[in-house]
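Worksheet for the structure shown next.
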Amino acid sequence: MKLRSTLIAALGLAFAAAAQADINVGVIVSATGPAASLGIPEKNTVALMPTTIAGQKINYIVLDDASDTTTAVKNIRKLVSEDKVDVVLGSTITPNSLAMIDVAAESKTPMISMAASARIVEPMDDKRRWVFKTPQNDAQMSTAIVEHMTNNQVKTVAFIGFSDAYGEGWYEQFKPVAEVRKLQMVANERFSRTDTSVTGQVLKIIAAKPDAVLIAGSGTPAALPQKALKERGYTGKIYQTHGVANNDFLRVCGKDCEGTLLPAGPVLVAEQLPDSNPVKKPALEYIGKYEAAHGKGSVSTFGAHGWDAGVLMANAVPVALKKAQPGTEQFRAALRDALEGLKEVPAAHGIFTMSPTDHLGLDQRARVMVQIQNGKWVLVK
């Protein structure tokens, strides 16, 4: 009888311990390397995320992939096998996020990427059902650029982008939309994130005499072709992607940025948005928290992508806890299902509504057109 009572007590303690299990969150960012200007604000943002959700303690395990694909895969394998994380947030850039998908699917661990390419969540399949992302799709942003071009008498366009999944993804999304709107593509060039010169590519572009140039890069490396175009006397319109929406890009590009146009998440110009915009309040909330920790003007859209990943997680966790306990395969599956079921969740970059076929969940409320004027981001009205 005594043995039985002891066994029951032990089982009770074990159950109580399981009920109080912490939620372990793996975070992978590109805090060093070519994408550091994107990854550092994401890393900083983790410190602003909640330490408890629905009464459960949250542990964040942050790893740097150094903007390297191999390191990103190594990191996620460590997080799922050694740290037994319940969810992974990351990585910062498209190539690394794409490389991590297999591990997320194999381990049945939900992953929320902070990289932009639609390839991360499309086409939906057995692997991508475990993957979500927070940055706007290239297609959404391409449409905004094309609309601005056609409204401003642009007829011919040259393209220069990264020679990786980011650049290719942008070209694949932009070209068909541009052609439908009767824009003629007159050049298509590529460059590496680590290149120090793009003179050859820029000379070809200038020879094609385009009305506008679209640079599909991210972070500070995207300044290289823009500066080269200006040095060679190009006077047409220059468009960048939402991949450059941080102050480090402004610093590196300097005066050569003046007049640049780009689509961006509303958080970049939150204070300039009308009060009726549903994204203004959550965007200002994030800005307030980040600038309180890092100073006025320190916020970037990339940190906000990280923040939104945390918002999605925080909204999904209470739902998943009703079905299973952290640290189990059942909880990871429940968390995946909860993420997929999120509806009208307000965040810094937009309003998220997920579905089994849409693991981004953003609509046109998640984009605005912005111009760089006097070294500042200005909402195009």
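A note on labels: chains of the structure tokens are A, B, ... as shown, every chain counts residues from 1, and ligands are counted from 1 in their shown order.
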
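All residues of protein, DNA or RNA that reach within 7 Å of stretch 55-71 of chain A, judged by only C-alpha atoms and not counting those fewer than 5 positions away in the chain, are Gln20, Asp22, Ile23, Asn24, Val25, Gly26, Val27, Ile28, Val29, Ser30, Ala31, Thr32, Gly33, Pro34, Ala35, Pro95, Asn96 and Ala99 of chain A.
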
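When only C-alpha atoms are used to measure the gap to A:Gly254, the shortest distance among A:Gln325, A:Ser97, A:Gln330, A:Gln226 belongs to A:Gln226.
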
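In this comparison, which uses only C-alpha atoms, the residue of A:Asp308, A:Asp83, A:Glu147, A:Glu106 approaching A:Tyr286 most closely is A:Asp308.
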
Worksheet item: Near A:Lys237, within 8 Å and counting only C-alpha atoms, which residues show up once chain neighbours fewer than 3 positions away are dropped, as a list in words?
Response: Asp211, Ala212, Val213, Gly259, Thr260 and Leu261 of chain A

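Here atom CA of A:Ala72 is placed at a distance of 18.3 Å from atom CA of A:Gly219.
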
Dump as CSV the rows for residues of stretch 89-161 of chain A within 9 Å of stretch 341-352 of chain A: closest atom pair and distance in Å with one decimal, only C-alpha atoms counted, ordered by chain and rising residue number.
```
residue,atom,partner,partner_atom,distance
A:Thr134,CA,A:His349,CA,8.2
A:Pro135,CA,A:His349,CA,7.9
A:Gln136,CA,A:His349,CA,8.3
```

Discussion item. Which residues are near A:Lys155? Cut-off 10 Å, only C-alpha atoms, ignore same chain within fewer than 4 positions. Put them as a ChimeraX atom specification.
Written reply: /A:149-150,178,181-185,210-212

Worksheet, complete the sentence: Of A:Ile160, A:Val244, A:Ile76, A:Val87, the one nearest to A:Ser192 when counting only C-alpha atoms is A:Ile160

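Taking only C-alpha atoms into account, A:Lys289 lies nearest to A:Leu48 out of the set A:Leu48, A:Ala36, A:Leu321, A:Ala222.
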
Practice prompt. Output as a VMD selection string all residues of stretch 83-315 of chain A that backbone DSSP marks as strand (DSSP E).
Written response: chain A and resid 87 to 90 111 to 113 131 to 133 156 to 162 184 to 191 212 to 216 237 to 240 261 to 264

Based on the selection just made, write C-alpha atoms of those residues as a PDB file, in the first residue's frame.
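again-v7.pdb, written as the output of this step:
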```
ATOM      1  CA  VAL A  87       9.739  26.336 -32.389  1.00  0.00           C
ATOM      2  CA  VAL A  88      12.449  28.006 -34.477  1.00  0.00           C
ATOM      3  CA  LEU A  89      12.456  31.687 -35.421  1.00  0.00           C
ATOM      4  CA  GLY A  90      14.736  32.406 -38.381  1.00  0.00           C
ATOM      5  CA  MET A 111       9.669  27.407 -38.121  1.00  0.00           C
ATOM      6  CA  ILE A 112       8.879  31.104 -38.621  1.00  0.00           C
ATOM      7  CA  SER A 113      11.304  32.650 -41.096  1.00  0.00           C
ATOM      8  CA  VAL A 131       7.232  26.689 -42.218  1.00  0.00           C
ATOM      9  CA  PHE A 132       5.794  30.204 -41.883  1.00  0.00           C
ATOM     10  CA  LYS A 133       7.296  33.639 -42.550  1.00  0.00           C
ATOM     11  CA  THR A 156      11.869  50.472 -69.919  1.00  0.00           C
ATOM     12  CA  VAL A 157      13.468  48.786 -66.896  1.00  0.00           C
ATOM     13  CA  ALA A 158      16.869  47.254 -66.142  1.00  0.00           C
ATOM     14  CA  PHE A 159      17.223  44.673 -63.373  1.00  0.00           C
ATOM     15  CA  ILE A 160      20.268  43.892 -61.222  1.00  0.00           C
ATOM     16  CA  GLY A 161      19.949  41.522 -58.278  1.00  0.00           C
ATOM     17  CA  PHE A 162      21.813  39.189 -55.965  1.00  0.00           C
ATOM     18  CA  GLN A 184      10.038  46.394 -71.303  1.00  0.00           C
ATOM     19  CA  MET A 185      12.922  44.594 -69.556  1.00  0.00           C
ATOM     20  CA  VAL A 186      16.123  45.797 -71.268  1.00  0.00           C
ATOM     21  CA  ALA A 187      18.796  44.290 -68.977  1.00  0.00           C
ATOM     22  CA  ASN A 188      19.124  41.486 -66.421  1.00  0.00           C
ATOM     23  CA  GLU A 189      22.317  41.422 -64.335  1.00  0.00           C
ATOM     24  CA  ARG A 190      23.523  39.726 -61.133  1.00  0.00           C
ATOM     25  CA  PHE A 191      26.100  40.344 -58.385  1.00  0.00           C
ATOM     26  CA  ALA A 212      14.451  52.979 -64.386  1.00  0.00           C
ATOM     27  CA  VAL A 213      16.645  50.421 -62.651  1.00  0.00           C
ATOM     28  CA  LEU A 214      15.424  47.933 -60.056  1.00  0.00           C
ATOM     29  CA  ILE A 215      18.103  46.710 -57.627  1.00  0.00           C
ATOM     30  CA  ALA A 216      17.077  43.454 -55.949  1.00  0.00           C
ATOM     31  CA  LYS A 237      14.746  56.455 -61.499  1.00  0.00           C
ATOM     32  CA  ILE A 238      16.278  53.908 -59.115  1.00  0.00           C
ATOM     33  CA  TYR A 239      14.114  51.439 -57.210  1.00  0.00           C
ATOM     34  CA  GLN A 240      15.244  49.178 -54.389  1.00  0.00           C
ATOM     35  CA  LEU A 261      11.993  54.558 -54.293  1.00  0.00           C
ATOM     36  CA  LEU A 262      11.063  51.300 -52.612  1.00  0.00           C
ATOM     37  CA  PRO A 263       8.119  49.365 -51.208  1.00  0.00           C
ATOM     38  CA  ALA A 264       8.314  48.764 -47.472  1.00  0.00           C
TER      39      ALA A 264
END
```

Item to complete: For A:Leu284, work out the shell of residues within 12 Å, counting only C-alpha atoms and skipping chain neighbours fewer than 5 positions away, then give it as an MDAnalysis selection string.
Response: chainID A and resid 266:273 275 277:279 289:292 299 304 346:349

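Of the listed residues A:Ala118, A:Ala223, A:Ala316, A:Ala324, the one whose atoms come nearest to A:Asp195 is A:Ala223, with distances taken using only C-alpha atoms.
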